[in-house]
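A.B. asks: This one is structure17.txt, compact mmCIF, C-alpha atoms.
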# COMPACT_ATOMS: atom_id res chain seq x y z
CA MET A 1 -10.60 16.64 -10.65
CA THR A 2 -13.43 14.76 -9.04
CA GLY A 3 -13.42 11.63 -6.94
CA SER A 4 -15.19 8.31 -7.35
CA THR A 5 -18.61 7.63 -5.89
CA GLY A 6 -21.22 4.90 -6.24
CA ALA A 7 -20.95 2.69 -9.30
CA ASP A 8 -17.73 4.38 -10.42
CA VAL A 9 -15.84 2.45 -7.75
CA ALA A 10 -16.44 -0.89 -9.45
CA ALA A 11 -14.96 0.39 -12.72
CA LYS A 12 -11.96 1.87 -10.94
CA ALA A 13 -11.39 -1.37 -9.04
CA THR A 14 -11.46 -3.29 -12.33
CA GLU A 15 -8.89 -0.88 -13.76
CA LEU A 16 -6.73 -1.15 -10.65
CA LEU A 17 -6.86 -4.93 -10.88
CA ARG A 18 -5.86 -4.73 -14.54
CA LEU A 19 -2.86 -2.59 -13.61
CA HIS A 20 -1.76 -5.27 -11.14
CA ARG A 21 -2.24 -8.05 -13.70
CA ASP A 22 -0.28 -6.22 -16.39
CA PRO A 23 3.24 -7.68 -16.80
CA GLN A 24 4.59 -4.13 -16.46
CA LEU A 25 5.35 -3.36 -12.82
CA LEU A 26 2.78 -1.05 -11.23
CA ARG A 27 4.60 1.78 -9.46
CA VAL A 28 2.62 3.72 -6.86
CA VAL A 29 4.01 6.64 -4.87
CA ASN A 30 2.19 6.87 -1.54
CA VAL A 31 0.34 10.03 -0.53
CA TRP A 32 -1.11 11.29 2.75
CA ASP A 33 -3.28 14.34 2.04
CA VAL A 34 -4.95 16.22 -0.79
CA ILE A 35 -1.93 18.26 -1.89
CA SER A 36 0.42 15.27 -1.97
CA ALA A 37 -2.25 13.36 -3.92
CA LYS A 38 -2.57 16.18 -6.46
CA VAL A 39 1.20 16.52 -6.89
CA VAL A 40 1.71 12.80 -7.44
CA GLY A 41 -1.43 12.39 -9.53
CA ASP A 42 -0.42 15.20 -11.88
CA ILE A 43 2.91 13.58 -12.76
CA GLU A 44 2.75 12.08 -16.24
CA GLY A 45 2.60 8.30 -16.12
CA THR A 46 0.90 8.04 -12.73
CA THR A 47 -1.90 5.48 -13.11
CA ALA A 48 -3.04 4.96 -9.50
CA LEU A 49 -2.57 6.40 -6.03
CA ALA A 50 -1.91 4.64 -2.74
CA THR A 51 -2.33 6.18 0.69
CA ALA A 52 0.13 5.60 3.52
CA SER A 53 -1.54 4.99 6.90
CA HIS A 54 1.63 5.80 8.83
CA SER A 55 1.94 9.13 7.03
CA ILE A 56 -1.72 10.07 7.50
CA ALA A 57 -1.49 9.26 11.20
CA ALA A 58 1.74 11.25 11.59
CA SER A 59 0.28 14.28 9.84
CA ARG A 60 -2.54 14.26 12.41
CA GLY A 61 -0.33 13.76 15.44
CA TYR A 62 -0.80 10.02 16.02
CA GLU A 63 1.73 7.22 16.35
CA ASP A 64 1.53 4.45 13.76
CA GLY A 65 -0.24 1.24 14.71
CA GLU A 66 -4.01 1.95 14.65
CA ASN A 67 -3.75 4.83 17.11
CA ILE A 68 -5.60 7.16 14.75
CA PRO A 69 -9.41 6.84 15.06
CA VAL A 70 -10.88 5.02 12.09
CA ASP A 71 -13.19 7.95 11.32
CA GLU A 72 -10.19 10.26 10.95
CA MET A 73 -8.35 7.81 8.73
CA LEU A 74 -11.35 7.25 6.46
CA GLY A 75 -12.09 10.97 6.39
CA GLU A 76 -8.62 11.75 5.04
CA VAL A 77 -8.83 8.87 2.57
CA ALA A 78 -12.18 10.24 1.33
CA ARG A 79 -10.63 13.67 0.75
CA ILE A 80 -7.82 12.10 -1.25
CA VAL A 81 -10.27 10.10 -3.37
CA ALA A 82 -12.27 13.25 -4.06
CA ALA A 83 -9.12 15.04 -5.27
CA THR A 84 -8.31 12.64 -8.12
CA ASP A 85 -9.83 10.73 -11.01
CA LEU A 86 -7.29 7.92 -10.56
CA PRO A 87 -8.03 4.66 -8.74
CA VAL A 88 -7.04 4.92 -5.08
CA THR A 89 -5.92 2.05 -2.87
CA ALA A 90 -5.90 2.80 0.85
CA ASP A 91 -3.60 1.49 3.56
CA LEU A 92 -6.03 0.62 6.37
CA GLU A 93 -3.56 -1.04 8.78
CA GLY A 94 -5.20 -4.12 10.34
CA GLY A 95 -8.74 -2.90 9.77
CA TYR A 96 -9.27 -1.05 13.07
CA GLY A 97 -10.99 -3.92 14.84
CA ASN A 98 -13.36 -4.86 12.02
CA ALA A 99 -11.57 -5.13 8.69
CA ALA A 100 -14.60 -6.05 6.60
CA GLU A 101 -16.65 -3.15 7.94
CA THR A 102 -13.75 -0.72 7.51
CA VAL A 103 -13.32 -1.83 3.90
CA ARG A 104 -17.07 -1.51 3.33
CA ARG A 105 -16.91 2.08 4.57
CA ALA A 106 -13.80 2.76 2.47
CA ILE A 107 -15.60 1.54 -0.64
CA GLY A 108 -18.39 3.96 0.22
CA ALA A 109 -15.74 6.70 0.14
CA GLY A 110 -14.66 5.62 -3.34
CA VAL A 111 -11.68 3.40 -2.55
CA ALA A 112 -10.86 0.75 -5.18
CA GLY A 113 -8.38 -1.32 -3.16
CA ALA A 114 -6.82 -1.60 0.28
CA ASN A 115 -3.90 -2.94 2.27
CA ILE A 116 -4.94 -4.96 5.31
CA GLU A 117 -2.27 -6.37 7.65
CA ASP A 118 -2.51 -9.90 9.03
CA GLN A 119 -0.62 -8.75 12.16
CA LEU A 120 0.53 -12.39 12.37
CA LYS A 121 -2.83 -13.57 13.64
CA PRO A 122 -3.34 -17.35 13.59
CA LEU A 123 -3.46 -18.33 9.93
CA ALA A 124 -7.06 -19.57 9.92
CA GLU A 125 -8.21 -16.31 11.50
CA ALA A 126 -6.19 -14.19 9.09
CA ALA A 127 -7.49 -16.11 6.06
CA ALA A 128 -11.08 -15.82 7.32
CA GLN A 129 -10.56 -12.06 7.58
CA VAL A 130 -9.48 -11.94 3.95
CA GLU A 131 -12.54 -13.92 2.92
CA SER A 132 -14.85 -11.63 4.89
CA ILE A 133 -13.33 -8.54 3.25
CA MET A 134 -13.82 -9.90 -0.26
CA LYS A 135 -17.39 -10.91 0.54
CA ALA A 136 -18.07 -7.41 1.87
CA ALA A 137 -16.61 -5.88 -1.31
CA GLU A 138 -18.75 -8.11 -3.50
CA ALA A 139 -21.84 -7.20 -1.47
CA GLU A 140 -21.02 -3.54 -2.14
CA GLY A 141 -20.94 -4.24 -5.88
CA VAL A 142 -17.14 -4.22 -6.21
CA PRO A 143 -16.12 -7.83 -6.95
CA ASP A 144 -12.76 -6.71 -8.40
CA PHE A 145 -11.78 -4.89 -5.20
CA VAL A 146 -7.98 -5.08 -5.00
CA LEU A 147 -7.26 -6.37 -1.52
CA ASN A 148 -3.50 -6.22 -1.07
CA ALA A 149 -3.43 -8.82 1.70
CA ARG A 150 -0.37 -8.01 3.77
CA THR A 151 1.58 -10.52 5.79
CA ASP A 152 3.88 -9.19 8.48
CA ALA A 153 6.00 -12.34 8.40
CA PHE A 154 9.26 -10.52 7.61
CA LEU A 155 8.81 -8.16 10.54
CA LYS A 156 9.84 -11.09 12.75
CA VAL A 157 12.73 -12.30 10.61
CA GLU A 158 15.38 -11.66 13.28
CA GLU A 159 13.51 -13.78 15.80
CA ARG A 160 12.81 -16.75 13.55
CA GLY A 161 15.49 -16.74 10.88
CA ALA A 162 15.20 -16.09 7.15
CA GLU A 163 14.25 -19.61 6.08
CA ALA A 164 11.37 -20.01 8.55
CA THR A 165 10.17 -16.49 7.80
CA LEU A 166 10.06 -17.14 4.06
CA GLU A 167 8.17 -20.40 4.61
CA ASP A 168 5.63 -18.56 6.76
CA ALA A 169 5.20 -15.81 4.16
CA VAL A 170 4.61 -18.42 1.45
CA GLN A 171 2.05 -20.29 3.54
CA ARG A 172 0.20 -17.16 4.54
CA GLY A 173 0.23 -15.67 1.08
CA ARG A 174 -1.14 -18.83 -0.50
CA ALA A 175 -3.91 -18.95 2.11
CA PHE A 176 -4.84 -15.33 1.41
CA LEU A 177 -4.98 -15.96 -2.33
CA ASP A 178 -7.13 -19.03 -1.74
CA ALA A 179 -9.44 -16.85 0.39
CA GLY A 180 -9.97 -14.49 -2.53
CA ALA A 181 -7.30 -11.81 -2.28
CA PRO A 182 -5.96 -10.90 -5.74
CA VAL A 183 -2.50 -9.89 -4.50
CA VAL A 184 -0.30 -10.39 -1.43
CA PHE A 185 1.93 -7.72 0.11
CA VAL A 186 5.16 -8.92 1.73
CA PRO A 187 6.94 -5.86 3.16
CA GLY A 188 10.61 -6.21 4.00
CA VAL A 189 14.07 -6.00 2.46
CA LEU A 190 13.68 -8.99 0.17
CA SER A 191 16.49 -10.55 -1.81
CA GLU A 192 16.09 -11.59 -5.43
CA GLU A 193 16.05 -15.22 -4.30
CA GLN A 194 13.27 -14.58 -1.79
CA ILE A 195 11.22 -12.67 -4.34
CA THR A 196 11.67 -15.49 -6.84
CA THR A 197 10.41 -18.00 -4.28
CA LEU A 198 7.38 -15.86 -3.45
CA VAL A 199 6.46 -15.31 -7.12
CA GLU A 200 6.79 -19.02 -7.82
CA ALA A 201 4.55 -19.77 -4.85
CA PHE A 202 1.88 -17.16 -5.63
CA GLY A 203 2.09 -16.95 -9.41
CA PRO A 204 3.17 -13.96 -11.55
CA GLN A 205 1.57 -10.59 -10.85
CA ARG A 206 0.41 -11.67 -7.38
CA LEU A 207 3.22 -10.28 -5.19
CA THR A 208 3.56 -6.65 -4.12
CA VAL A 209 6.62 -5.21 -2.39
CA ILE A 210 7.78 -2.01 -0.71
CA GLY A 211 10.64 -0.03 -2.24
CA LEU A 212 13.09 -0.15 0.64
CA PRO A 213 16.77 0.46 -0.04
CA GLY A 214 18.41 -2.83 -1.01
CA LEU A 215 15.51 -4.17 -3.07
CA PRO A 216 16.34 -5.30 -6.64
CA PRO A 217 15.87 -2.62 -9.32
CA GLN A 218 12.42 -2.07 -10.82
CA ALA A 219 13.44 -3.59 -14.14
CA ARG A 220 14.46 -6.80 -12.39
CA LEU A 221 11.24 -6.86 -10.34
CA THR A 222 9.33 -6.69 -13.62
CA GLU A 223 11.33 -9.60 -15.01
CA LEU A 224 10.65 -11.63 -11.86
CA GLY A 225 6.88 -11.15 -12.17
CA VAL A 226 6.23 -8.75 -9.27
CA ALA A 227 2.87 -6.97 -9.57
CA ARG A 228 3.48 -3.71 -7.74
CA ILE A 229 5.95 -1.61 -5.81
CA SER A 230 4.89 1.05 -3.31
CA TYR A 231 6.77 3.21 -0.84
CA GLY A 232 4.70 3.48 2.33
CA PRO A 233 5.83 6.21 4.76
CA LEU A 234 9.12 6.68 2.92
CA THR A 235 7.59 9.29 0.60
CA GLN A 236 6.59 11.51 3.51
CA ARG A 237 10.06 11.05 4.98
CA VAL A 238 11.55 12.34 1.71
CA ALA A 239 9.33 15.43 1.92
CA LEU A 240 10.13 15.99 5.59
CA THR A 241 13.85 15.55 4.91
CA ALA A 242 13.64 18.34 2.33
CA LEU A 243 11.88 20.52 4.91
CA ALA A 244 14.50 19.73 7.56
CA GLU A 245 17.31 20.50 5.14
CA LEU A 246 15.69 23.81 4.20
CA THR A 247 15.39 24.72 7.88
CA GLU A 248 19.07 23.88 8.39
CA SER A 249 19.99 25.97 5.35
CA VAL A 250 17.94 28.94 6.62
CA ARG A 251 19.66 28.66 9.98
CA GLU A 252 22.98 28.97 8.20
CA GLY A 253 21.88 32.00 6.19
CA GLY A 254 20.56 30.19 3.11
CA GLY A 255 17.09 30.10 1.61
CA ILE A 256 14.76 28.38 -0.80
CA PRO A 257 16.62 25.99 -3.14
CA GLU A 258 16.77 26.78 -6.84
CA GLY A 259 14.35 24.70 -8.87
CA THR A 260 11.62 24.76 -6.23
CA ARG A 261 8.30 24.39 -8.03
CA PRO A 262 5.00 26.11 -7.11
CA LEU A 263 3.10 22.87 -6.61
CA ASN A 264 0.65 24.12 -4.00
Would you encode the structure as structure tokens?
C.D. replies:
Amino acid sequence: MTGSTGADVAAKATELLRLHRDPQLLRVVNVWDVISAKVVGDIEGTTALATASHSIAASRGYEDGENIPVDEMLGEVARIVAATDLPVTADLEGGYGNAAETVRRAIGAGVAGANIEDQLKPLAEAAAQVESIMKAAEAEGVPDFVLNARTDAFLKVEERGAEATLEDAVQRGRAFLDAGAPVVFVPGVLSEEQITTLVEAFGPQRLTVIGLPGLPPQARLTELGVARISYGPLTQRVALTALAELTESVREGGGIPEGTRPLN
């Protein structure tokens, strides 16, 4: 497989946008290196890949939260892009101090979309950041760049209460859509009622969510008009749990589980 470069990025961004606009829920399993990208990408039915910033940082010995140098993050993203023919959307945290420039560099590496956190900046500042990202993408010849504009509103739910948090997420999401983002990411354990409110506020196929335990089933998310579900660092935690369980089994005299596949 070969990655995307140059003009190919625009076509992959258009395809990635189409996948979000399709009434069928887009399901992306997050990856963090070349081998995880190849394993996920080779599964029948996989239509796009998403990187997980937390997982990439952890694999390189950094804490989450923009502690990894941007060059290291983009370098790993570039290797993932080069390992697949699928569109790749990259989790780029808050943009590492200059979101538009980071996205411009990511597009140069072949990325067709990106998550950028608002980090609960003042709304005008956060919306201006979204606008600057989309202008940078257009200047790079990728007008359909799929910015998954993330609001961290629900990360403060315990401090502000559910009603105020939902109102904030709605306000921020609408502002990001008005600024040019095609979709809005609202991570958190969302109830069906909260998801319904967000979809009504943003429009169908504009909301993306993370597949935390307690979220409504995928079939119901499709019915509600959600665009995409992803899994962030949870996929790496699944892999690491399997490794920990193997280690525990070996300690007790066991070995490699039956059914283990030669995927590397």
A.B. asks: Find the residue from A:Gly225, A:Gly253, A:Pro216, A:Gly173 that sits nearest to Val186 (chain A); use only C-alpha atoms when measuring.
C.D. replies: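 So, comparing all the options, the nearest one is A:Gly173.
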A.B. asks: Around the point (3.8, -6.2, -10.2) in the file's coordinates, collect all residues with an atom within 12 Å, using all atoms listed in the file, and return them as a VMD selection string.
C.D. replies: chain A and resid 16 to 28 148 182 to 185 195 199 203 to 210 218 to 230
A.B. asks: Which residues are close to Ala106 (chain A), i.e. within 9 Å by all atoms listed in the file, leaving aside same-chain residues fewer than 3 positions away? Reply as an MDAnalysis selection string.
C.D. replies: chainID A and resid 74 77:78 90 92 101:103 109:114
A.B. asks: Would you please work out which residue, of A:Ile43, A:Leu147, A:Ala242, A:Leu166, is nearest to Thr196 (chain A) when using all atoms listed in the file?
C.D. replies: A:Leu166
A.B. asks: Interatomic distance between CA of Asp118 (chain A) and CA of Asp152 (chain A)?
C.D. replies: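 Straight-line distance from CA of Asp118 (chain A) to CA of Asp152 (chain A) works out to 6.5 Å.
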A.B. asks: Starting from the point (-3.7, 12.4, -5.1), work out which residues of protein, DNA or RNA have an atom no more than 9 Å away when counting all atoms listed in the file; state them as a list in words.
C.D. replies: Asn30, Val31, Trp32, Asp33, Val34, Ile35, Ser36, Ala37, Lys38, Val39, Val40, Gly41, Asp42, Ala48, Leu49, Ala50, Thr51, Ile80, Val81, Ala82, Ala83, Thr84, Asp85, Leu86 and Val88 of chain A
